$ cat work08.pdb   # PDB, C-alpha atoms and all ligand atoms
ATOM      1  CA  MET A   1       0.825  -6.640   7.819
ATOM      2  CA  ALA A   2       1.528  -8.823   4.824
ATOM      3  CA  ILE A   3      -1.234  -9.374   2.292
ATOM      4  CA  LEU A   4      -2.148 -13.039   2.320
ATOM      5  CA  ILE A   5      -4.164 -15.299   0.047
ATOM      6  CA  GLY A   6      -7.841 -14.780   0.873
ATOM      7  CA  ASP A   7      -7.343 -11.150   1.989
ATOM      8  CA  THR A   8      -9.112  -8.311   0.203
ATOM      9  CA  ALA A   9      -6.615  -6.606  -2.121
ATOM     10  CA  PRO A  10      -6.089  -3.047  -0.848
ATOM     11  CA  ASP A  11      -7.749  -0.379  -2.969
ATOM     12  CA  PHE A  12      -5.711   2.556  -4.289
ATOM     13  CA  THR A  13      -5.788   5.398  -6.784
ATOM     14  CA  LEU A  14      -2.726   5.985  -8.984
ATOM     15  CA  GLU A  15      -1.768   7.532 -12.299
ATOM     16  CA  SER A  16      -1.022   5.101 -15.103
ATOM     17  CA  THR A  17      -0.144   5.087 -18.804
ATOM     18  CA  GLU A  18      -3.915   4.749 -19.403
ATOM     19  CA  GLY A  19      -5.021   7.533 -17.014
ATOM     20  CA  THR A  20      -6.040   7.512 -13.374
ATOM     21  CA  ILE A  21      -6.734   4.028 -12.020
ATOM     22  CA  HIS A  22      -9.096   3.455  -9.099
ATOM     23  CA  PHE A  23      -8.071  -0.133  -8.538
ATOM     24  CA  HIS A  24     -11.287  -1.708  -7.234
ATOM     25  CA  ASP A  25     -13.319   0.081  -9.930
ATOM     26  CA  TYR A  26     -10.786  -1.088 -12.499
ATOM     27  CA  ILE A  27     -11.244  -4.750 -11.479
ATOM     28  CA  ASP A  28     -15.010  -4.332 -12.063
ATOM     29  CA  GLY A  29     -16.064  -7.992 -11.909
ATOM     30  CA  SER A  30     -13.004  -9.296 -13.795
ATOM     31  CA  ARG A  31      -9.864 -10.908 -12.474
ATOM     32  CA  ALA A  32      -6.733  -8.766 -12.239
ATOM     33  CA  VAL A  33      -3.048  -9.580 -12.413
ATOM     34  CA  LEU A  34      -1.251  -6.787 -10.542
ATOM     35  CA  PHE A  35       2.494  -7.120 -10.912
ATOM     36  CA  SER A  36       5.524  -5.019 -10.080
ATOM     37  CA  HIS A  37       8.838  -4.802 -11.886
ATOM     38  CA  PRO A  38      11.951  -3.245 -10.353
ATOM     39  CA  LYS A  39      12.896  -0.587 -12.883
ATOM     40  CA  ASN A  40      12.214   0.733 -16.364
ATOM     41  CA  PHE A  41      14.913   0.501 -19.046
ATOM     42  CA  THR A  42      16.304  -2.755 -17.630
ATOM     43  CA  PRO A  43      16.681  -5.977 -19.617
ATOM     44  CA  VAL A  44      14.670  -8.603 -17.738
ATOM     45  CA  CYS A  45      11.786  -6.185 -17.154
ATOM     46  CA  THR A  46      11.682  -5.340 -20.864
ATOM     47  CA  THR A  47      11.262  -9.024 -21.727
ATOM     48  CA  GLU A  48       8.581  -9.525 -19.054
ATOM     49  CA  LEU A  49       6.435  -6.597 -20.105
ATOM     50  CA  GLY A  50       6.764  -7.441 -23.794
ATOM     51  CA  TYR A  51       5.656 -11.016 -23.134
ATOM     52  CA  THR A  52       2.729  -9.904 -20.983
ATOM     53  CA  ALA A  53       1.590  -7.627 -23.823
ATOM     54  CA  LYS A  54       1.840 -10.592 -26.208
ATOM     55  CA  LEU A  55      -0.389 -12.637 -23.881
ATOM     56  CA  LYS A  56      -3.248 -10.108 -23.981
ATOM     57  CA  PRO A  57      -5.526 -12.365 -26.090
ATOM     58  CA  GLU A  58      -4.999 -15.147 -23.501
ATOM     59  CA  PHE A  59      -5.791 -12.768 -20.627
ATOM     60  CA  ASP A  60      -8.862 -11.465 -22.486
ATOM     61  CA  LYS A  61     -10.120 -15.019 -23.110
ATOM     62  CA  ARG A  62     -10.022 -15.618 -19.360
ATOM     63  CA  GLY A  63     -11.557 -12.254 -18.381
ATOM     64  CA  VAL A  64      -8.309 -11.078 -16.783
ATOM     65  CA  LYS A  65      -6.914  -7.529 -16.751
ATOM     66  CA  ALA A  66      -3.144  -7.143 -16.420
ATOM     67  CA  ILE A  67      -1.767  -4.073 -14.671
ATOM     68  CA  GLY A  68       1.908  -3.305 -14.100
ATOM     69  CA  LEU A  69       3.558  -1.152 -11.436
ATOM     70  CA  SER A  70       6.937   0.347 -10.683
ATOM     71  CA  VAL A  71       8.219   3.366  -8.801
ATOM     72  CA  ASP A  72       9.280   5.013 -12.086
ATOM     73  CA  LYS A  73       7.744   8.253 -13.345
ATOM     74  CA  LEU A  74       4.857   8.275 -15.816
ATOM     75  CA  GLU A  75       6.948  10.015 -18.510
ATOM     76  CA  ASP A  76       9.601   7.288 -18.146
ATOM     77  CA  HIS A  77       6.933   4.631 -18.662
ATOM     78  CA  ALA A  78       6.016   6.310 -21.953
ATOM     79  CA  GLY A  79       9.643   6.395 -23.126
ATOM     80  CA  TRP A  80      10.303   2.802 -22.140
ATOM     81  CA  ALA A  81       7.071   1.610 -23.816
ATOM     82  CA  LYS A  82       8.660   2.550 -27.165
ATOM     83  CA  ASP A  83      11.656   0.314 -26.396
ATOM     84  CA  ILE A  84       9.354  -2.560 -25.418
ATOM     85  CA  GLU A  85       7.524  -2.331 -28.725
ATOM     86  CA  GLU A  86      10.761  -1.981 -30.709
ATOM     87  CA  THR A  87      12.601  -4.876 -29.064
ATOM     88  CA  ARG A  88       9.764  -7.287 -28.240
ATOM     89  CA  GLY A  89       7.484  -6.614 -31.211
ATOM     90  CA  THR A  90       4.340  -5.867 -29.188
ATOM     91  CA  ALA A  91       3.173  -2.483 -27.942
ATOM     92  CA  LEU A  92       2.212  -2.109 -24.294
ATOM     93  CA  ASN A  93      -1.523  -2.844 -24.177
ATOM     94  CA  PHE A  94      -2.239  -2.707 -20.445
ATOM     95  CA  PRO A  95      -1.841   0.102 -17.902
ATOM     96  CA  LEU A  96       1.486   0.681 -16.186
ATOM     97  CA  LEU A  97       1.140   2.416 -12.815
ATOM     98  CA  ALA A  98       3.579   5.135 -11.765
ATOM     99  CA  ASP A  99       3.928   4.603  -8.020
ATOM    100  CA  THR A 100       6.616   7.269  -7.645
ATOM    101  CA  LYS A 101       6.156   7.570  -3.868
ATOM    102  CA  GLY A 102       6.177   3.802  -3.456
ATOM    103  CA  GLU A 103       2.983   3.959  -1.396
ATOM    104  CA  VAL A 104       1.142   1.147  -3.158
ATOM    105  CA  ALA A 105       4.380  -0.847  -3.411
ATOM    106  CA  ARG A 106       4.760  -0.676   0.373
ATOM    107  CA  GLN A 107       1.056  -1.421   0.918
ATOM    108  CA  TYR A 108       1.505  -4.617  -1.133
ATOM    109  CA  ASP A 109       4.942  -5.491   0.352
ATOM    110  CA  MET A 110       6.537  -5.169  -3.071
ATOM    111  CA  ILE A 111       9.623  -3.477  -1.596
ATOM    112  CA  HIS A 112      11.901  -5.890   0.231
ATOM    113  CA  PRO A 113      14.417  -3.616   1.993
ATOM    114  CA  ASN A 114      17.079  -6.300   2.319
ATOM    115  CA  ALA A 115      16.973  -6.743  -1.457
ATOM    116  CA  ASP A 116      16.655  -3.033  -2.313
ATOM    117  CA  ASN A 117      15.481  -0.091  -0.232
ATOM    118  CA  THR A 118      13.480   1.690  -2.909
ATOM    119  CA  LEU A 119      12.897  -0.595  -5.900
ATOM    120  CA  THR A 120      10.136  -3.181  -6.060
ATOM    121  CA  VAL A 121      10.918  -6.878  -6.403
ATOM    122  CA  ARG A 122       8.969  -8.934  -8.968
ATOM    123  CA  SER A 123       5.710  -9.336  -7.049
ATOM    124  CA  LEU A 124       2.566 -10.628  -8.692
ATOM    125  CA  PHE A 125      -0.963 -10.909  -7.336
ATOM    126  CA  VAL A 126      -3.938 -12.564  -8.987
ATOM    127  CA  ILE A 127      -7.073 -10.910  -7.643
ATOM    128  CA  GLY A 128     -10.529 -12.372  -8.107
ATOM    129  CA  PRO A 129     -13.795 -10.672  -9.090
ATOM    130  CA  ASP A 130     -14.547 -10.622  -5.335
ATOM    131  CA  LYS A 131     -11.358  -8.501  -4.961
ATOM    132  CA  LYS A 132      -9.715 -11.190  -2.857
ATOM    133  CA  VAL A 133      -6.108 -12.285  -3.397
ATOM    134  CA  LYS A 134      -6.005 -15.723  -5.062
ATOM    135  CA  LEU A 135      -2.280 -16.026  -5.785
ATOM    136  CA  LYS A 136       0.871 -14.179  -4.805
ATOM    137  CA  ILE A 137       4.375 -14.810  -6.063
ATOM    138  CA  GLU A 138       7.627 -12.972  -5.472
ATOM    139  CA  TYR A 139      10.753 -13.255  -7.598
ATOM    140  CA  PRO A 140      14.101 -11.469  -7.292
ATOM    141  CA  ALA A 141      15.088  -8.774  -9.788
ATOM    142  CA  SER A 142      17.503 -11.095 -11.582
ATOM    143  CA  THR A 143      14.901 -13.741 -12.511
ATOM    144  CA  GLY A 144      12.132 -13.149 -15.023
ATOM    145  CA  ARG A 145       8.803 -14.716 -14.139
ATOM    146  CA  ASN A 146       6.988 -17.404 -16.123
ATOM    147  CA  PHE A 147       3.762 -15.750 -17.264
ATOM    148  CA  ASP A 148       2.589 -19.000 -18.881
ATOM    149  CA  GLU A 149       2.560 -20.374 -15.335
ATOM    150  CA  VAL A 150       0.392 -17.438 -14.271
ATOM    151  CA  LEU A 151      -2.119 -18.393 -16.988
ATOM    152  CA  ARG A 152      -1.984 -22.021 -15.833
ATOM    153  CA  VAL A 153      -2.833 -20.970 -12.258
ATOM    154  CA  ILE A 154      -5.674 -18.758 -13.525
ATOM    155  CA  ASP A 155      -7.089 -21.774 -15.425
ATOM    156  CA  SER A 156      -6.931 -23.806 -12.222
ATOM    157  CA  LEU A 157      -8.533 -20.994 -10.183
ATOM    158  CA  GLN A 158     -11.367 -20.631 -12.685
ATOM    159  CA  LEU A 159     -12.001 -24.380 -12.730
ATOM    160  CA  THR A 160     -11.859 -24.873  -8.965
ATOM    161  CA  ALA A 161     -14.134 -21.858  -8.388
ATOM    162  CA  LYS A 162     -16.805 -23.645 -10.470
ATOM    163  CA  HIS A 163     -16.387 -27.305  -9.504
ATOM    164  CA  ARG A 164     -15.424 -29.012  -6.245
ATOM    165  CA  VAL A 165     -12.127 -30.201  -7.655
ATOM    166  CA  ALA A 166      -8.457 -29.447  -7.179
ATOM    167  CA  THR A 167      -5.682 -29.642  -9.771
ATOM    168  CA  PRO A 168      -2.652 -31.912  -9.305
ATOM    169  CA  VAL A 169       1.027 -31.238  -9.770
ATOM    170  CA  ASN A 170       1.894 -29.723 -13.167
ATOM    171  CA  TRP A 171      -1.754 -29.869 -14.241
ATOM    172  CA  LYS A 172      -2.650 -28.214 -17.508
ATOM    173  CA  GLN A 173      -6.008 -27.279 -19.043
ATOM    174  CA  GLY A 174      -7.828 -30.450 -20.181
ATOM    175  CA  GLU A 175      -5.960 -32.904 -17.940
ATOM    176  CA  ASP A 176      -7.438 -35.029 -15.153
ATOM    177  CA  VAL A 177      -8.313 -33.379 -11.841
ATOM    178  CA  ILE A 178      -8.853 -34.444  -8.228
ATOM    179  CA  ILE A 179     -12.197 -34.669  -6.427
ATOM    180  CA  VAL A 180     -11.675 -32.664  -3.218
ATOM    181  CA  PRO A 181     -11.749 -34.778  -0.023
ATOM    182  CA  ALA A 182     -14.728 -32.751   1.314
ATOM    183  CA  VAL A 183     -16.950 -34.351  -1.380
ATOM    184  CA  SER A 184     -18.395 -37.671  -0.158
ATOM    185  CA  ASN A 185     -18.448 -40.723  -2.435
ATOM    186  CA  GLU A 186     -22.275 -40.397  -2.573
ATOM    187  CA  ALA A 187     -22.054 -36.793  -3.764
ATOM    188  CA  ALA A 188     -19.246 -37.718  -6.174
ATOM    189  CA  LYS A 189     -21.413 -40.509  -7.680
ATOM    190  CA  ALA A 190     -24.150 -37.993  -8.470
ATOM    191  CA  LYS A 191     -21.685 -35.636 -10.143
ATOM    192  CA  TYR A 192     -19.532 -38.291 -11.847
ATOM    193  CA  PRO A 193     -21.868 -41.223 -12.733
ATOM    194  CA  GLU A 194     -19.100 -42.652 -14.908
ATOM    195  CA  GLY A 195     -16.997 -43.056 -11.785
ATOM    196  CA  TRP A 196     -13.432 -42.117 -10.939
ATOM    197  CA  THR A 197     -10.071 -43.707 -10.310
ATOM    198  CA  GLU A 198      -9.523 -44.151  -6.594
ATOM    199  CA  LEU A 199      -5.814 -44.499  -5.732
ATOM    200  CA  LYS A 200      -6.568 -43.831  -2.060
ATOM    201  CA  PRO A 201      -9.851 -42.787  -0.441
ATOM    202  CA  TYR A 202      -8.446 -39.217  -0.383
ATOM    203  CA  LEU A 203      -6.993 -39.385  -3.922
ATOM    204  CA  ARG A 204      -9.814 -39.704  -6.446
ATOM    205  CA  ILE A 205      -9.058 -38.749 -10.035
ATOM    206  CA  VAL A 206     -11.607 -37.773 -12.702
ATOM    207  CA  PRO A 207     -11.502 -36.224 -16.156
ATOM    208  CA  GLN A 208     -11.713 -32.424 -16.059
ATOM    209  CA  PRO A 209     -15.373 -31.376 -15.854
ATOM    210  CA  CYS A 210     -16.685 -29.180 -18.674
ATOM    211  CA  ALA A 211     -16.566 -25.438 -18.008
TER     212      ALA A 211
HETATM  213  C1  LIG B 301      16.365  -6.316 -15.071
HETATM  214  O1  LIG B 301      15.188  -6.127 -15.399
HETATM  215  O2  LIG B 301      17.166  -6.842 -15.805
HETATM  216  C2  LIG B 301      16.802  -5.870 -13.707
HETATM  217  C3  LIG B 301      16.152  -4.872 -13.039
HETATM  218  C4  LIG B 301      16.594  -4.451 -11.786
HETATM  219  C5  LIG B 301      17.699  -5.059 -11.230
HETATM  220  C6  LIG B 301      18.349  -6.077 -11.907
HETATM  221  C7  LIG B 301      17.909  -6.499 -13.148
END

$ encode --input "work08.pdb" --output "structure tokens"
Amino acid sequence: MAILIGDTAPDFTLESTEGTIHFHDYIDGSRAVLFSHPKNFTPVCTTELGYTAKLKPEFDKRGVKAIGLSVDKLEDHAGWAKDIEETRGTALNFPLLADTKGEVARQYDMIHPNADNTLTVRSLFVIGPDKKVKLKIEYPASTGRNFDEVLRVIDSLQLTAKHRVATPVNWKQGEDVIIVPAVSNEAAKAKYPEGWTELKPYLRIVPQPCA
């Protein structure tokens, strides 16, 4: 059964570059970004992991823990980490899971047999403090992901978890948002006494509420 948005992220225990990870304990009230890469010592993956390491201050600011996964061995992770630091200028600063049996990869549908029988595709899950899946994306091996987009989605998730708003196309932190249709005009008046721009009764735009 595929893991869908809103499902509880399956728990697991695996060895990582930072010791044994019990996944649900690791999340521990934070958000997690669990992402797979196909293979160590490959070019696109090297750029992705280096960039994710560079983004650590941004993840920290948002209370998010990154955690990588591939079916490579732990000792290979250690060797490759040196290349990541050398070529990308940032040392690995988040755990990299060694799922050598591919058990977690299969649990999370990270192996797509018609793409490759054993290697993981580029799957990524954002998991909330409630351990539920908030976002899932899947990219092929040949295309590096946009981790700035992952941060953008996390900003939207954090905002919409707090306020009864949604974020429009291409929204970025600080831009106008949408009052969700489930909020009546009476309730909206109480929350937004300054009013809103109503393009349609179902499309009401307001400045982003404060955090
Ligand atoms: C890469 O990271 O460049 C890559 C990995 C596996 C297959 C193809 C490309």

$ closest_residue --input "work08.pdb" --among "A:Asp7, A:Glu138, A:Glu18, A:Asp148" --to "Ile67 in chain A" --atoms "all atoms listed in the file"
A:Glu18

$ resolve_selection --input "work08.pdb" --expression "the PyMOL selection byres (((chain A and resi 84-93) around 12) and not hetatm)" --output "PyMOL selection string"
chain A and resi 17-18+40-57+59-60+65-68+77-83+94-96

$ closest_residue --input "work08.pdb" --among "A:Tyr192, A:Phe147, A:Trp171, A:Tyr139" --to "ligand LIG 301 (chain B)" --atoms "all atoms listed in the file"
A:Tyr139

$ resolve_selection --input "work08.pdb" --expression "the PyMOL selection byres (((chain A and resi 207) around 7) and not hetatm)" --output "list in words"
Glu175, Asp176, Val177, Val206, Gln208 and Pro209 of chain A

$ axis_aligned_box --input "work08.pdb" --around "ligand LIG 301 (chain B)" --padding-each-side "3 Å" --output "JSON"
{"center_x": 16.8, "center_y": -5.6, "center_z": -13.5, "size_x": 9.2, "size_y": 8.4, "size_z": 10.6}

$ closest_residue --input "work08.pdb" --among "A:Val33, A:Ile179, A:Leu74, A:Ala141" --to "Ala166 in chain A" --atoms "all atoms listed in the file"
A:Ile179

$ atom_distance --input "work08.pdb" --atom1 "CA of Ile127 in chain A" --atom2 "CA of Pro113 in chain A"
24.7 Å

$ resolve_selection --input "work08.pdb" --expression "the PyMOL selection byres (((chain A and resi 23) around 8) and not hetatm)" --output "count of residues only"
9

$ atom_distance --input "work08.pdb" --atom1 "CA of Glu149 in chain A" --atom2 "CA of Asp109 in chain A"
21.8 Å

$ residues_near_point --input "work08.pdb" --point "(3.8, -11.7, -2.0)" --cutoff "12 Å" --atoms "only C-alpha atoms" --output "number ranges by chain"
A: 1-5, 7, 9, 34-36, 105-112, 120-126, 133-140

$ write_last_selection --input "work08.pdb" --atoms "C-alpha atoms" --output "CSV table (one decimal), in the frame of the given file"
chain,number,residue,atom,x,y,z
A,1,MET,CA,0.8,-6.6,7.8
A,2,ALA,CA,1.5,-8.8,4.8
A,3,ILE,CA,-1.2,-9.4,2.3
A,4,LEU,CA,-2.1,-13.0,2.3
A,5,ILE,CA,-4.2,-15.3,0.0
A,7,ASP,CA,-7.3,-11.2,2.0
A,9,ALA,CA,-6.6,-6.6,-2.1
A,34,LEU,CA,-1.3,-6.8,-10.5
A,35,PHE,CA,2.5,-7.1,-10.9
A,36,SER,CA,5.5,-5.0,-10.1
A,105,ALA,CA,4.4,-0.8,-3.4
A,106,ARG,CA,4.8,-0.7,0.4
A,107,GLN,CA,1.1,-1.4,0.9
A,108,TYR,CA,1.5,-4.6,-1.1
A,109,ASP,CA,4.9,-5.5,0.4
A,110,MET,CA,6.5,-5.2,-3.1
A,111,ILE,CA,9.6,-3.5,-1.6
A,112,HIS,CA,11.9,-5.9,0.2
A,120,THR,CA,10.1,-3.2,-6.1
A,121,VAL,CA,10.9,-6.9,-6.4
A,122,ARG,CA,9.0,-8.9,-9.0
A,123,SER,CA,5.7,-9.3,-7.0
A,124,LEU,CA,2.6,-10.6,-8.7
A,125,PHE,CA,-1.0,-10.9,-7.3
A,126,VAL,CA,-3.9,-12.6,-9.0
A,133,VAL,CA,-6.1,-12.3,-3.4
A,134,LYS,CA,-6.0,-15.7,-5.1
A,135,LEU,CA,-2.3,-16.0,-5.8
A,136,LYS,CA,0.9,-14.2,-4.8
A,137,ILE,CA,4.4,-14.8,-6.1
A,138,GLU,CA,7.6,-13.0,-5.5
A,139,TYR,CA,10.8,-13.3,-7.6
A,140,PRO,CA,14.1,-11.5,-7.3

$ atom_distance --input "work08.pdb" --atom1 "CA of Pro201 in chain A" --atom2 "CA of Pro181 in chain A"
8.2 Å

$ residues_around --input "work08.pdb" --residues "Ala188 in chain A" --least-positions-apart "2" --cutoff "12 Å" --atoms "all atoms listed in the file" --output "list in words"
His163, Arg164, Val165, Ile178, Ile179, Val180, Pro181, Ala182, Val183, Ser184, Asn185, Glu186, Ala190, Lys191, Tyr192, Pro193, Glu194, Gly195, Trp196, Thr197, Glu198, Arg204, Ile205 and Val206 of chain A

$ closest_residue --input "work08.pdb" --among "A:Glu15, A:Asp28, A:Asp155, A:Asp99" --to "Leu69 in chain A" --atoms "all atoms listed in the file"
A:Asp99

$ closest_residue --input "work08.pdb" --among "A:Pro168, A:Gly128, A:Gly144, A:Gly63" --to "ligand LIG 301 (chain B)" --atoms "all atoms listed in the file"
A:Gly144

$ residues_around --input "work08.pdb" --residues "Thr100 in chain A" --least-positions-apart "4" --cutoff "7 Å" --atoms "all atoms listed in the file" --output "PyMOL selection string"
chain A and resi 71-73

$ closest_residue --input "work08.pdb" --among "A:Lys189, A:Arg145, A:Lys101, A:Lys200" --to "ligand LIG 301 (chain B)" --atoms "only C-alpha atoms and all ligand atoms"
A:Arg145

$ decode --input "work08.pdb" --residues "range 60-78 of chain A" --atoms "N, CA and C atoms" --output "short mmCIF file (atom, residue, chain, number, x, y, z; two decimals), in the first residue's frame"
data_model
loop_
_atom_site.label_atom_id
_atom_site.label_comp_id
_atom_site.auth_asym_id
_atom_site.auth_seq_id
_atom_site.Cartn_x
_atom_site.Cartn_y
_atom_site.Cartn_z
N ASP A 60 17.09 24.33 10.40
CA ASP A 60 17.09 24.55 11.86
C ASP A 60 16.10 25.66 12.25
N LYS A 61 16.11 26.74 11.46
CA LYS A 61 15.22 27.88 11.73
C LYS A 61 13.76 27.44 11.75
N ARG A 62 13.45 26.44 10.93
CA ARG A 62 12.07 25.98 10.79
C ARG A 62 11.77 24.76 11.67
N GLY A 63 12.75 24.34 12.48
CA GLY A 63 12.55 23.15 13.33
C GLY A 63 12.42 21.87 12.53
N VAL A 64 13.23 21.75 11.48
CA VAL A 64 13.13 20.59 10.58
C VAL A 64 14.44 19.81 10.63
N LYS A 65 14.32 18.48 10.71
CA LYS A 65 15.50 17.60 10.68
C LYS A 65 15.55 16.88 9.35
N ALA A 66 16.64 17.05 8.62
CA ALA A 66 16.83 16.31 7.36
C ALA A 66 17.43 14.95 7.66
N ILE A 67 17.05 13.96 6.86
CA ILE A 67 17.62 12.62 7.02
C ILE A 67 17.61 11.93 5.65
N GLY A 68 18.80 11.52 5.21
CA GLY A 68 18.93 10.92 3.89
C GLY A 68 18.93 9.40 3.97
N LEU A 69 18.69 8.76 2.85
CA LEU A 69 18.64 7.29 2.79
C LEU A 69 19.07 6.80 1.42
N SER A 70 19.88 5.73 1.42
CA SER A 70 20.09 4.98 0.18
C SER A 70 20.36 3.54 0.58
N VAL A 71 20.48 2.69 -0.42
CA VAL A 71 20.72 1.26 -0.12
C VAL A 71 22.23 0.98 -0.03
N ASP A 72 23.05 2.02 -0.03
CA ASP A 72 24.50 1.85 0.10
C ASP A 72 24.89 1.47 1.53
N LYS A 73 26.11 0.92 1.62
CA LYS A 73 26.62 0.51 2.95
C LYS A 73 27.09 1.73 3.75
N LEU A 74 27.07 1.55 5.08
CA LEU A 74 27.47 2.64 5.98
C LEU A 74 28.90 3.12 5.68
N GLU A 75 29.81 2.16 5.45
CA GLU A 75 31.22 2.57 5.20
C GLU A 75 31.33 3.36 3.89
N ASP A 76 30.44 3.07 2.93
CA ASP A 76 30.46 3.84 1.67
C ASP A 76 29.93 5.26 1.91
N HIS A 77 28.96 5.38 2.80
CA HIS A 77 28.47 6.72 3.15
C HIS A 77 29.63 7.58 3.68
N ALA A 78 30.43 6.96 4.54
CA ALA A 78 31.54 7.70 5.17
C ALA A 78 32.54 8.15 4.10
#
